[in-house]
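Peer 1: Below is the file run-v4.cif, which contains mmCIF, C-alpha atoms and all ligand atoms.
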data_work
#
loop_
_atom_site.label_atom_id
_atom_site.label_comp_id
_atom_site.auth_asym_id
_atom_site.auth_seq_id
_atom_site.Cartn_x
_atom_site.Cartn_y
_atom_site.Cartn_z
CA MET A 1 -82.57 3.55 122.62
CA SER A 2 -81.25 3.10 119.10
CA LYS A 3 -79.31 5.86 117.43
CA PRO A 4 -81.49 8.17 115.35
CA VAL A 5 -81.29 7.89 111.59
CA LYS A 6 -79.27 10.71 110.13
CA ALA A 7 -79.91 12.46 106.82
CA VAL A 8 -78.16 15.18 104.84
CA GLY A 9 -80.57 17.81 103.55
CA LEU A 10 -79.69 20.10 100.69
CA LEU A 11 -80.98 23.41 101.93
CA SER A 12 -81.45 26.44 99.77
CA GLY A 13 -83.21 28.26 102.54
CA GLY A 14 -86.30 28.49 100.38
CA LEU A 15 -89.68 27.34 101.57
CA ASP A 16 -89.56 23.92 99.92
CA SER A 17 -86.33 22.68 101.43
CA THR A 18 -87.31 24.12 104.81
CA ILE A 19 -90.59 22.19 104.74
CA ALA A 20 -88.81 19.03 103.62
CA ALA A 21 -86.49 19.31 106.61
CA ALA A 22 -89.36 20.04 109.00
CA MET A 23 -91.27 17.01 107.68
CA LEU A 24 -88.40 14.67 108.36
CA MET A 25 -87.63 16.18 111.74
CA ARG A 26 -91.19 15.34 112.72
CA GLN A 27 -90.38 11.77 111.91
CA GLY A 28 -87.44 11.83 114.28
CA ILE A 29 -84.71 12.02 111.65
CA GLU A 30 -81.53 13.78 112.70
CA ILE A 31 -80.69 16.31 110.01
CA GLN A 32 -77.47 17.83 108.84
CA GLY A 33 -78.12 20.70 106.46
CA LEU A 34 -75.85 21.24 103.50
CA THR A 35 -75.55 24.16 101.13
CA PHE A 36 -73.12 24.84 98.31
CA TYR A 37 -71.18 27.90 97.35
CA THR A 38 -70.80 27.97 93.56
CA GLY A 39 -69.48 31.49 93.03
CA PHE A 40 -72.52 32.28 90.87
CA CYS A 41 -74.76 33.64 93.57
CA VAL A 42 -76.69 36.76 92.57
CA VAL A 43 -77.14 38.06 96.11
CA GLU A 44 -73.41 38.03 96.61
CA HIS A 45 -72.80 39.84 93.36
CA ASN A 46 -75.39 42.51 94.08
CA ARG A 47 -73.72 43.31 97.32
CA ARG A 48 -70.36 43.42 95.70
CA SER A 49 -71.46 45.94 93.15
CA LYS A 50 -73.85 48.24 94.95
CA THR A 51 -72.62 50.73 97.42
CA ARG A 52 -72.30 49.29 100.86
CA LYS A 53 -75.00 51.02 102.81
CA ARG A 54 -78.25 49.21 102.13
CA LYS A 55 -81.51 49.53 103.89
CA LYS A 56 -82.46 45.90 103.87
CA PRO A 57 -79.84 43.55 105.25
CA VAL A 58 -78.91 40.73 102.94
CA ARG A 59 -78.68 37.33 104.49
CA ASN A 60 -77.83 33.79 103.68
CA GLU A 61 -81.18 32.03 103.61
CA ALA A 62 -79.78 28.54 104.12
CA LEU A 63 -78.14 29.63 107.36
CA GLN A 64 -81.31 31.41 108.43
CA ALA A 65 -83.32 28.26 107.80
CA GLY A 66 -80.81 26.26 109.83
CA ALA A 67 -81.10 28.69 112.70
CA LYS A 68 -84.90 28.69 112.51
CA LEU A 69 -85.19 24.91 112.54
CA ASP A 70 -82.33 24.52 114.97
CA LEU A 71 -80.31 22.27 112.71
CA PRO A 72 -76.65 22.49 111.75
CA VAL A 73 -75.75 23.70 108.29
CA GLU A 74 -72.51 22.93 106.49
CA MET A 75 -71.49 25.12 103.59
CA ILE A 76 -69.24 23.56 101.01
CA ASP A 77 -67.26 25.59 98.52
CA ILE A 78 -67.51 23.99 95.10
CA SER A 79 -66.46 27.08 93.14
CA GLY A 80 -63.37 26.49 91.05
CA PRO A 81 -62.09 24.62 88.00
CA ASP A 82 -64.17 21.46 88.45
CA TYR A 83 -67.42 23.35 88.78
CA LEU A 84 -66.47 25.60 85.87
CA LYS A 85 -66.20 22.50 83.70
CA VAL A 86 -69.85 21.86 84.46
CA LEU A 87 -70.56 25.25 82.95
CA THR A 88 -68.26 25.00 79.93
CA ASP A 89 -68.93 21.36 78.98
CA PRO A 90 -72.30 20.24 80.27
CA LYS A 91 -73.17 16.74 79.18
CA TYR A 92 -76.87 17.59 79.21
CA GLY A 93 -76.65 21.06 77.74
CA TYR A 94 -78.13 24.33 78.90
CA GLY A 95 -81.55 25.53 79.91
CA LYS A 96 -82.95 28.85 78.74
CA THR A 97 -79.63 30.68 79.03
CA VAL A 98 -76.30 29.14 80.02
CA ASN A 99 -77.68 27.31 83.03
CA PRO A 100 -76.41 23.74 82.99
CA CYS A 101 -78.95 22.74 85.66
CA ILE A 102 -78.91 19.00 85.11
CA ASP A 103 -75.13 18.73 85.20
CA CYS A 104 -75.01 21.15 88.10
CA ARG A 105 -77.42 19.01 90.10
CA ILE A 106 -75.40 15.91 89.30
CA PHE A 107 -72.25 17.66 90.49
CA MET A 108 -73.87 18.83 93.72
CA PHE A 109 -75.60 15.54 94.46
CA ARG A 110 -72.37 13.63 93.95
CA ARG A 111 -70.65 15.90 96.40
CA ALA A 112 -73.56 15.60 98.82
CA ARG A 113 -73.40 11.82 98.59
CA GLN A 114 -69.71 11.97 99.43
CA TYR A 115 -70.44 14.26 102.37
CA MET A 116 -73.17 11.89 103.53
CA ASP A 117 -70.64 9.08 103.69
CA GLU A 118 -68.09 11.33 105.41
CA ILE A 119 -70.43 12.13 108.29
CA GLY A 120 -72.05 8.69 108.45
CA ALA A 121 -75.53 9.76 107.36
CA GLN A 122 -77.87 7.10 105.96
CA PHE A 123 -79.65 9.07 103.26
CA MET A 124 -80.08 12.52 101.78
CA PHE A 125 -83.00 14.68 100.73
CA THR A 126 -83.92 17.84 98.84
CA GLY A 127 -86.93 20.13 98.74
CA GLU A 128 -87.46 19.43 95.05
CA VAL A 129 -91.01 19.22 93.79
CA LEU A 130 -91.90 17.13 90.79
CA GLY A 131 -92.72 19.31 87.79
CA GLN A 132 -91.86 22.58 89.46
CA ARG A 133 -88.87 23.54 87.35
CA PRO A 134 -88.75 22.96 83.63
CA MET A 135 -85.26 21.59 83.35
CA SER A 136 -84.22 19.56 86.34
CA GLN A 137 -87.44 18.69 88.13
CA ARG A 138 -89.29 16.62 85.61
CA ARG A 139 -89.41 12.91 86.14
CA GLN A 140 -87.06 11.90 83.37
CA PRO A 141 -84.24 14.37 84.20
CA MET A 142 -84.63 13.45 87.85
CA ASN A 143 -83.94 9.83 86.94
CA VAL A 144 -80.93 10.85 84.87
CA ILE A 145 -79.60 12.99 87.71
CA ASP A 146 -80.03 10.21 90.27
CA ARG A 147 -78.35 7.69 87.98
CA ASP A 148 -75.39 9.87 86.99
CA ALA A 149 -74.79 11.10 90.52
CA GLU A 150 -74.77 7.43 91.61
CA LEU A 151 -77.26 7.97 94.37
CA ASP A 152 -78.42 4.36 94.52
CA GLY A 153 -81.87 5.30 95.73
CA LEU A 154 -80.51 7.27 98.67
CA LEU A 155 -82.09 10.58 97.68
CA LEU A 156 -85.53 11.24 99.09
CA ARG A 157 -87.70 14.09 97.87
CA PRO A 158 -90.17 14.34 100.74
CA LEU A 159 -92.51 16.88 99.14
CA SER A 160 -93.26 14.69 96.12
CA ALA A 161 -92.33 11.31 97.59
CA LYS A 162 -95.73 9.68 97.06
CA ARG A 163 -95.56 10.44 93.37
CA LEU A 164 -92.10 8.91 93.02
CA PRO A 165 -90.86 5.34 93.45
CA PRO A 166 -90.00 4.46 97.05
CA THR A 167 -86.39 5.22 98.01
CA VAL A 168 -84.12 3.33 100.39
CA ALA A 169 -85.25 5.51 103.31
CA GLU A 170 -88.86 4.41 102.78
CA GLU A 171 -88.05 0.79 102.01
CA LYS A 172 -85.97 0.40 105.14
CA GLY A 173 -88.66 2.01 107.23
CA TRP A 174 -86.49 4.93 108.32
CA VAL A 175 -89.27 7.24 107.24
CA ASP A 176 -92.98 6.61 106.94
CA ARG A 177 -93.96 7.14 103.33
CA GLU A 178 -97.57 7.71 104.36
CA GLN A 179 -96.60 10.93 106.08
CA LEU A 180 -94.69 12.30 103.09
CA GLY A 181 -96.04 14.66 100.43
CA ASP A 182 -97.65 14.15 97.05
CA ILE A 183 -97.08 17.62 95.68
CA GLN A 184 -96.63 18.15 91.98
CA GLY A 185 -96.40 21.22 89.79
CA ARG A 186 -95.77 24.88 90.12
CA SER A 187 -98.54 25.98 92.45
CA ARG A 188 -97.24 26.70 95.91
CA GLN A 189 -100.57 26.50 97.66
CA LYS A 190 -99.87 23.26 99.49
CA GLN A 191 -96.46 24.44 100.63
CA MET A 192 -98.00 27.61 102.07
CA GLU A 193 -100.51 25.54 104.00
CA MET A 194 -97.79 23.28 105.30
CA ALA A 195 -95.66 26.26 106.28
CA GLU A 196 -98.52 27.43 108.40
CA GLU A 197 -99.01 24.01 109.92
CA TYR A 198 -95.32 23.75 110.79
CA GLY A 199 -95.13 27.31 112.04
CA ILE A 200 -92.57 28.30 109.42
CA GLU A 201 -92.70 32.04 108.97
CA ASP A 202 -90.62 34.64 107.28
CA TYR A 203 -89.42 32.55 104.38
CA PRO A 204 -87.89 34.18 101.30
CA SER A 205 -90.14 34.72 98.32
CA PRO A 206 -89.94 31.89 95.83
CA ALA A 207 -88.99 34.25 93.03
CA GLY A 208 -85.88 32.15 92.57
CA GLY A 209 -83.30 33.61 90.25
CA CYS A 210 -80.63 33.26 92.89
CA CYS A 211 -78.22 31.78 90.37
CA TYR A 212 -76.44 33.97 87.88
CA LEU A 213 -76.37 31.24 85.29
CA THR A 214 -80.06 31.74 84.62
CA ASP A 215 -79.61 35.45 83.90
CA ALA A 216 -79.96 36.37 80.23
CA ASN A 217 -77.42 39.22 80.29
CA PHE A 218 -74.87 37.07 81.98
CA GLY A 219 -75.58 34.31 79.48
CA ARG A 220 -74.79 36.59 76.55
CA ARG A 221 -71.52 37.61 78.13
CA ILE A 222 -70.49 34.04 78.81
CA LEU A 223 -71.23 33.08 75.23
CA ASP A 224 -69.22 36.05 74.00
CA PHE A 225 -66.32 34.86 76.16
CA PHE A 226 -66.60 31.34 74.79
CA GLU A 227 -66.55 32.66 71.23
CA TYR A 228 -63.70 35.13 71.46
CA GLU A 229 -61.55 33.90 74.30
CA GLY A 230 -62.25 30.20 74.32
CA LYS A 231 -64.26 28.41 76.97
CA GLU A 232 -61.22 26.42 78.09
CA ASN A 233 -59.70 29.70 79.30
CA LEU A 234 -62.53 30.67 81.66
CA THR A 235 -61.42 31.27 85.25
CA MET A 236 -63.24 32.41 88.38
CA ASP A 237 -61.70 35.87 87.91
CA ASP A 238 -63.34 36.07 84.50
CA VAL A 239 -66.62 35.02 86.05
CA MET A 240 -66.36 37.82 88.62
CA LEU A 241 -65.82 40.36 85.86
CA LEU A 242 -68.59 38.96 83.69
CA LYS A 243 -71.04 39.62 86.50
CA ILE A 244 -70.28 43.27 86.80
CA GLY A 245 -70.62 46.53 84.84
CA ARG A 246 -71.24 47.25 81.17
CA HIS A 247 -69.46 45.10 78.63
CA PHE A 248 -68.37 45.96 75.11
CA ARG A 249 -66.58 43.89 72.48
CA VAL A 250 -64.68 46.54 70.52
CA LYS A 251 -62.76 44.07 68.37
CA PRO A 252 -62.29 40.32 68.50
CA ASP A 253 -59.27 40.79 70.75
CA VAL A 254 -60.38 43.91 72.65
CA LYS A 255 -63.02 43.87 75.35
CA VAL A 256 -64.12 46.67 77.66
CA VAL A 257 -65.67 46.39 81.12
CA MET A 258 -67.02 49.62 82.58
CA GLY A 259 -68.30 50.26 86.10
CA ARG A 260 -71.83 51.60 86.48
CA GLU A 261 -71.46 53.12 89.90
CA GLU A 262 -68.99 53.63 92.68
CA GLY A 263 -69.18 50.14 94.14
CA GLU A 264 -68.51 48.57 90.78
CA ASN A 265 -65.69 51.00 90.01
CA LYS A 266 -64.00 50.08 93.25
CA PHE A 267 -64.44 46.43 92.57
CA LEU A 268 -62.98 46.76 89.08
CA GLU A 269 -59.88 48.47 90.41
CA ARG A 270 -58.87 45.18 91.97
CA TYR A 271 -58.75 43.61 88.53
CA ALA A 272 -56.63 46.38 86.98
CA PRO A 273 -53.30 44.49 87.06
CA GLY A 274 -52.64 43.09 83.60
CA ARG A 275 -55.33 45.29 82.03
CA TRP A 276 -55.59 48.84 80.78
CA ARG A 277 -57.48 51.11 83.11
CA LEU A 278 -59.11 54.35 81.98
CA GLU A 279 -60.61 57.13 84.08
CA THR A 280 -61.72 60.66 83.33
CA LYS A 281 -59.36 63.33 84.66
CA ASP A 282 -60.70 65.86 87.19
CA VAL A 283 -64.35 64.83 86.84
CA THR A 284 -65.81 61.66 88.29
CA GLY A 285 -66.69 58.99 85.80
CA PRO A 286 -66.64 55.26 85.36
CA THR A 287 -63.64 53.02 85.83
CA THR A 288 -63.01 51.32 82.50
CA LEU A 289 -60.91 48.19 82.12
CA VAL A 290 -59.66 47.04 78.75
CA GLU A 291 -58.70 43.45 78.11
CA GLY A 292 -56.68 42.25 75.14
CA HIS A 293 -54.49 44.18 72.75
CA PRO A 294 -55.91 47.63 72.00
CA THR A 295 -54.14 49.95 69.54
CA ASP A 296 -53.72 53.65 70.36
CA ASP A 297 -56.77 54.39 68.23
CA ASP A 298 -58.79 51.81 70.13
CA LEU A 299 -57.75 53.35 73.43
CA ARG A 300 -58.77 56.82 72.29
CA GLN A 301 -62.16 55.54 71.25
CA ILE A 302 -62.56 53.72 74.54
CA ALA A 303 -61.59 56.97 76.25
CA GLY A 304 -64.40 58.61 74.26
CA MET A 305 -66.81 56.02 75.51
CA THR A 306 -65.62 56.54 79.09
CA VAL A 307 -66.32 60.27 78.75
CA ARG A 308 -69.72 59.53 77.27
CA TYR A 309 -70.68 57.53 80.37
CA ALA A 310 -69.21 60.08 82.76
CA GLY A 311 -72.41 62.04 82.32
CA SER A 312 -73.07 65.73 82.06
CA LYS A 313 -70.09 66.87 84.13
CA ALA A 314 -67.67 65.74 81.44
CA ASP A 315 -67.18 67.57 78.13
CA PRO A 316 -66.59 65.43 75.07
CA ASP A 317 -62.92 66.46 75.22
CA THR A 318 -62.37 65.79 78.93
CA PRO A 319 -58.92 64.21 79.16
CA VAL A 320 -58.77 60.57 80.21
CA ALA A 321 -56.01 58.99 82.28
CA CYS A 322 -54.96 55.68 80.82
CA ARG A 323 -52.81 53.41 82.95
CA TYR A 324 -51.16 50.11 82.39
CA GLU A 325 -49.26 48.74 85.37
CA GLU A 326 -46.88 51.59 86.35
CA THR A 327 -47.23 53.74 83.24
CA GLU A 328 -49.77 56.51 82.82
CA ARG A 329 -50.69 58.57 79.78
CA ILE A 330 -53.29 61.22 79.29
CA LEU A 331 -55.47 60.62 76.25
CA GLU A 332 -57.60 62.97 74.27
CA PRO A 333 -60.79 61.08 73.73
CA ALA A 334 -61.98 60.34 70.20
CA PRO A 335 -65.70 60.87 69.72
CA VAL A 336 -67.76 57.69 69.41
CA GLU A 337 -71.24 57.57 68.00
CA GLU A 338 -74.06 56.13 70.04
CA SER A 339 -74.73 53.61 67.28
CA VAL A 340 -71.14 52.34 67.48
CA VAL A 341 -71.37 51.96 71.23
CA GLU A 342 -74.56 49.98 70.78
CA GLU A 343 -72.90 47.75 68.22
CA TRP A 344 -70.11 46.99 70.65
CA ARG A 345 -72.36 46.30 73.58
CA ILE A 346 -72.47 42.69 74.72
CA MET B 1 -61.54 41.72 127.09
CA ILE B 2 -62.19 38.39 125.43
CA GLN B 3 -59.14 36.21 124.97
CA ALA B 4 -59.14 34.66 121.51
CA ALA B 5 -57.22 31.49 120.77
CA ARG B 6 -57.05 32.43 117.12
CA THR B 7 -57.81 35.34 114.83
CA LEU B 8 -59.27 34.93 111.38
CA ASP B 9 -58.89 37.84 108.99
CA THR B 10 -61.61 37.98 106.32
CA TYR B 11 -61.17 41.58 105.22
CA GLY B 12 -62.14 42.04 101.59
CA LEU B 13 -64.09 38.78 101.46
CA LEU B 14 -67.82 38.63 101.02
CA CYS B 15 -70.23 36.32 102.77
CA PRO B 16 -70.60 33.41 102.61
CA VAL B 17 -66.84 33.09 102.21
CA PRO B 18 -66.04 34.44 105.72
CA ILE B 19 -68.58 32.00 107.15
CA MET B 20 -66.98 29.07 105.35
CA LYS B 21 -63.61 30.16 106.66
CA THR B 22 -65.03 30.49 110.15
CA ALA B 23 -66.36 26.94 109.90
CA SER B 24 -62.95 25.54 109.05
CA ALA B 25 -61.10 27.69 111.60
CA ILE B 26 -63.42 26.60 114.39
CA ARG B 27 -62.49 22.99 113.69
CA GLU B 28 -58.93 23.83 114.58
CA ILE B 29 -59.55 25.24 118.05
CA ALA B 30 -60.58 23.35 121.16
CA VAL B 31 -64.04 23.34 122.72
CA GLY B 32 -64.28 26.31 125.04
CA GLU B 33 -61.80 28.39 123.06
CA VAL B 34 -62.72 31.56 121.21
CA LEU B 35 -62.18 32.49 117.58
CA GLU B 36 -61.93 36.16 116.70
CA VAL B 37 -63.20 36.97 113.19
CA LEU B 38 -62.29 40.24 111.49
CA ALA B 39 -64.58 41.24 108.65
CA ASP B 40 -65.75 44.18 106.58
CA ASP B 41 -68.79 42.72 104.86
CA PRO B 42 -71.85 43.90 106.81
CA GLN B 43 -73.72 40.75 105.83
CA ILE B 44 -71.69 38.96 108.46
CA LEU B 45 -73.88 40.70 111.05
CA GLU B 46 -76.78 38.60 109.71
CA ASP B 47 -74.95 35.45 108.78
CA MET B 48 -72.73 34.88 111.79
CA PRO B 49 -75.54 34.84 114.38
CA ALA B 50 -77.47 32.44 112.12
CA TRP B 51 -74.44 30.23 111.58
CA CYS B 52 -73.73 30.14 115.31
CA ALA B 53 -77.36 29.38 116.14
CA SER B 54 -77.61 26.61 113.59
CA ASN B 55 -74.26 25.03 114.38
CA GLY B 56 -74.50 25.38 118.13
CA HIS B 57 -71.66 27.81 118.83
CA ALA B 58 -71.86 30.96 120.90
CA LEU B 59 -71.44 34.42 119.46
CA LEU B 60 -70.03 36.17 122.51
CA ASP B 61 -69.67 39.66 121.14
CA THR B 62 -69.74 41.75 117.99
CA ILE B 63 -67.78 44.96 117.89
CA GLU B 64 -68.51 47.41 115.10
CA ASP B 65 -65.87 49.95 114.28
CA GLY B 66 -67.06 52.00 111.33
CA GLU B 67 -67.16 49.57 108.45
CA GLU B 68 -65.07 46.96 110.21
CA TYR B 69 -66.36 44.24 112.44
CA LYS B 70 -64.87 42.00 115.08
CA LEU B 71 -66.82 38.94 116.08
CA PHE B 72 -66.00 36.55 118.90
CA VAL B 73 -67.20 32.99 118.45
CA LYS B 74 -66.86 30.45 121.21
CA LYS B 75 -66.63 26.82 120.19
CA VAL B 76 -69.28 25.04 122.24
CA LYS B 77 -69.15 21.51 120.84
S1 LIG A 401 -80.02 27.43 88.73
FE1 LIG A 401 -77.78 27.48 88.93
S2 LIG A 401 -77.34 26.52 90.93
FE2 LIG A 401 -79.45 25.96 90.35
S3 LIG A 401 -79.24 23.98 89.29
FE3 LIG A 401 -79.23 25.58 87.71
S4 LIG A 401 -77.08 26.02 87.39
FE4 LIG A 401 -77.21 24.94 89.34
#
So that I can check it, write out the structure of this file as structure tokens.
Ligand code: SF4
Peer 2:
Amino acid sequence: MSKPVKAVGLLSGGLDSTIAAAMLMRQGIEIQGLTFYTGFCVVEHNRRSKTRKRKKPVRNEALQAGAKLDLPVEMIDISGPDYLKVLTDPKYGYGKTVNPCIDCRIFMFRRARQYMDEIGAQFMFTGEVLGQRPMSQRRQPMNVIDRDAELDGLLLRPLSAKRLPPTVAEEKGWVDREQLGDIQGRSRQKQMEMAEEYGIEDYPSPAGGCCYLTDANFGRRILDFFEYEGKENLTMDDVMLLKIGRHFRVKPDVKVVMGREEGENKFLERYAPGRWRLETKDVTGPTTLVEGHPTDDDLRQIAGMTVRYAGSKADPDTPVACRYEETERILEPAPVEESVVEEWRI
Amino acid sequence: MIQAARTLDTYGLLCPVPIMKTASAIREIAVGEVLEVLADDPQILEDMPAWCASNGHALLDTIEDGEEYKLFVKKVK
């Protein structure tokens, strides 16, 4: 018996990529799942910020899909300086917010191609559906992505294959094109039917939004960072902080990050070194970090803002502990008007 | 008492990072040996069984101690 053909499947754990994998498994293809860790995952962030006890367990859908279909899943960490360059200097620009989807796909597909060669797979596939997403899943961007990622026809999109030119996998007869899909557009009707046919249950809702880069609030904060701190200075630590809390730009060189609840406060404490840290004395309130070069007046105003967000337990003149590295001072907060706070808000 | 060939400490890390670390640590032990993973992110209780099931390793035991977890993964192949 000849060795089975092996393919690398980019799995998100969503319904589409799960169906794509199931389709190819039916055709006897041996599948190695692959998923990427970018550092911009919303699920991860939500867990980081909210208090630990949650009713509904959070889970990694790509791993769940792998377990369900009984196929191995490799997770590759692409977070770091190279991926950040995709965000700061995308060749193909951004989508609705700061999502550089086309460049991101190119980056991932390149890495997937490399992985494919590493494990001796013959082709790769995704669960992408033609016309489903505005930015990266139209025909023309798909062509650009395939060209720039140097895929040489090795990427198959089983769900829409019949609407796309044949790929190497079809030309070589590794897969039967006739049995592939001809899905196009945003309706998920066909996928639901196929899920039923394949016995795929319990898939995550296709609400998407799993990537922070498509979030409008996050987008504003990133753009603020680019403007005042310079995009070339963005690090993963900055990204972590941009995802969390309330943000205020007090002056061009003074920025405030304030926790919204206990989980966030705890998380922010880890980033206190090298930053000012303010907390209300004696009453519970938010943890406030200050980046940049605040003057004493700035700090007193920020103390005022900290008191404001401490809620009803704090009087306007509740003292605020202000620490920088080993030093601590107690500040009397200066009152800040609501309108000023709103002006500062990022 | 399960004898672990290696212990991986992932305290303070959030999934999927502990899973990625598990994947690389398991490459460094022999088939039949056990990796002990220490973690404090409860998501590992969902992710580790799934990772083991999908990648064909055996999750021998999971010990919960308050908010800390100890998981024993046996390398099967
Ligand atoms: S949504 Fe995020 S992860 Fe997905 S392609 Fe766009 S930038 Fe990349």
Peer 1: Can you pull out every residue with an atom within 7 Å of ligand LIG 401 (chain A)? Use only C-alpha atoms and all ligand atoms and format it as a PyMOL selection string.
Peer 2: chain A and resi 99-102+104-105+211-214
Peer 1: In Å, how far is it from CA of Gly181 (chain A) to CA of Leu130 (chain A)?
Peer 2: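 Separation between CA of Gly181 (chain A) and CA of Leu130 (chain A): 10.8 Å.
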Peer 1: Identify every residue of chain A that has at least one atom within 6 Å of any atom of chain B, counting only C-alpha atoms, and report the result as a list in words.
Peer 2: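 Filtering chain A at 6 Å from chain B with only C-alpha atoms gives Val58, Arg59, Leu63, Gln64, Gly66, Ala67, Asp70, Leu71 and Pro72 of chain A.
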Peer 1: How would the residues just chosen look if you wrote them out with C-alpha atoms as an mmCIF file, in the frame of the given file?
Peer 2:
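Produced file part15.cif, reproduced below:
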data_model
loop_
_atom_site.group_PDB
_atom_site.id
_atom_site.type_symbol
_atom_site.label_atom_id
_atom_site.label_comp_id
_atom_site.auth_asym_id
_atom_site.auth_seq_id
_atom_site.Cartn_x
_atom_site.Cartn_y
_atom_site.Cartn_z
ATOM 1 C CA VAL A 58 -78.910 40.730 102.940
ATOM 2 C CA ARG A 59 -78.680 37.330 104.490
ATOM 3 C CA LEU A 63 -78.140 29.630 107.360
ATOM 4 C CA GLN A 64 -81.310 31.410 108.430
ATOM 5 C CA GLY A 66 -80.810 26.260 109.830
ATOM 6 C CA ALA A 67 -81.100 28.690 112.700
ATOM 7 C CA ASP A 70 -82.330 24.520 114.970
ATOM 8 C CA LEU A 71 -80.310 22.270 112.710
ATOM 9 C CA PRO A 72 -76.650 22.490 111.750
#
Peer 1: Pick the closest to Glu150 (chain A) from A:Ala112, A:Met258, A:Leu24, A:Ile183: which is it, counting all atoms listed in the file?
Peer 2: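 Among A:Ala112, A:Met258, A:Leu24, A:Ile183, it is A:Ala112 that comes nearest to Glu150 (chain A).
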Peer 1: Determine the nearest neighbour of Gly28 (chain A) from the options A:Val5, A:Val336, A:Met305, A:Leu11, counting all atoms listed in the file.
Peer 2: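 Among A:Val5, A:Val336, A:Met305, A:Leu11, it is A:Val5 that comes nearest to Gly28 (chain A).
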Peer 1: Interatomic distance between CA of Leu38 (chain B) and CA of Ala25 (chain B)?
Peer 2: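 Going from CA of Leu38 (chain B) over to CA of Ala25 (chain B), I get 12.6 Å.
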Peer 1: Quick check, in Å to one decimal: how far apart do CA of His247 (chain A) and CA of Arg329 (chain A) lie?
Peer 2: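 The value is 23.1 Å.
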Peer 1: Find the spatial neighbours of region 287-298 of chain A, counting only C-alpha atoms, within a cut-off of 6 Å - ignore same-chain residues fewer than 6 positions away - and output them as a list in words.
Peer 2: Asp253, Val254, Lys255, Val256, Val257, Met258, Gly259, Asn265, Arg275, Trp276, Arg277, Leu278 and Glu279 of chain A
Peer 1: Regenerate region 126-137 of chain A at the level of N, CA and C atoms and dump it as a CSV table (one decimal), in the coordinates of the input.
Peer 2:
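Result written to result12.csv:
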chain,number,residue,atom,x,y,z
A,126,THR,N,-83.8,16.5,99.4
A,126,THR,CA,-83.9,17.8,98.8
A,126,THR,C,-85.4,18.3,99.0
A,127,GLY,N,-85.6,19.6,98.7
A,127,GLY,CA,-86.9,20.1,98.7
A,127,GLY,C,-87.5,20.2,97.3
A,128,GLU,N,-87.0,19.4,96.4
A,128,GLU,CA,-87.5,19.4,95.0
A,128,GLU,C,-88.9,19.0,95.0
A,129,VAL,N,-89.6,19.6,94.0
A,129,VAL,CA,-91.0,19.2,93.8
A,129,VAL,C,-91.1,18.8,92.3
A,130,LEU,N,-91.7,17.7,92.1
A,130,LEU,CA,-91.9,17.1,90.8
A,130,LEU,C,-92.6,18.1,89.9
A,131,GLY,N,-92.0,18.4,88.8
A,131,GLY,CA,-92.7,19.3,87.8
A,131,GLY,C,-92.7,20.8,88.1
A,132,GLN,N,-91.9,21.2,89.1
A,132,GLN,CA,-91.9,22.6,89.5
A,132,GLN,C,-90.9,23.4,88.6
A,133,ARG,N,-89.8,22.8,88.2
A,133,ARG,CA,-88.9,23.5,87.4
A,133,ARG,C,-88.8,22.8,86.0
A,134,PRO,N,-88.7,23.6,84.9
A,134,PRO,CA,-88.8,23.0,83.6
A,134,PRO,C,-87.6,22.0,83.3
A,135,MET,N,-86.4,22.4,83.8
A,135,MET,CA,-85.3,21.6,83.4
A,135,MET,C,-84.9,20.4,84.2
A,136,SER,N,-84.8,20.6,85.5
A,136,SER,CA,-84.2,19.6,86.3
A,136,SER,C,-85.2,18.8,87.2
A,137,GLN,N,-86.5,19.3,87.2
A,137,GLN,CA,-87.4,18.7,88.1
A,137,GLN,C,-88.6,18.0,87.4
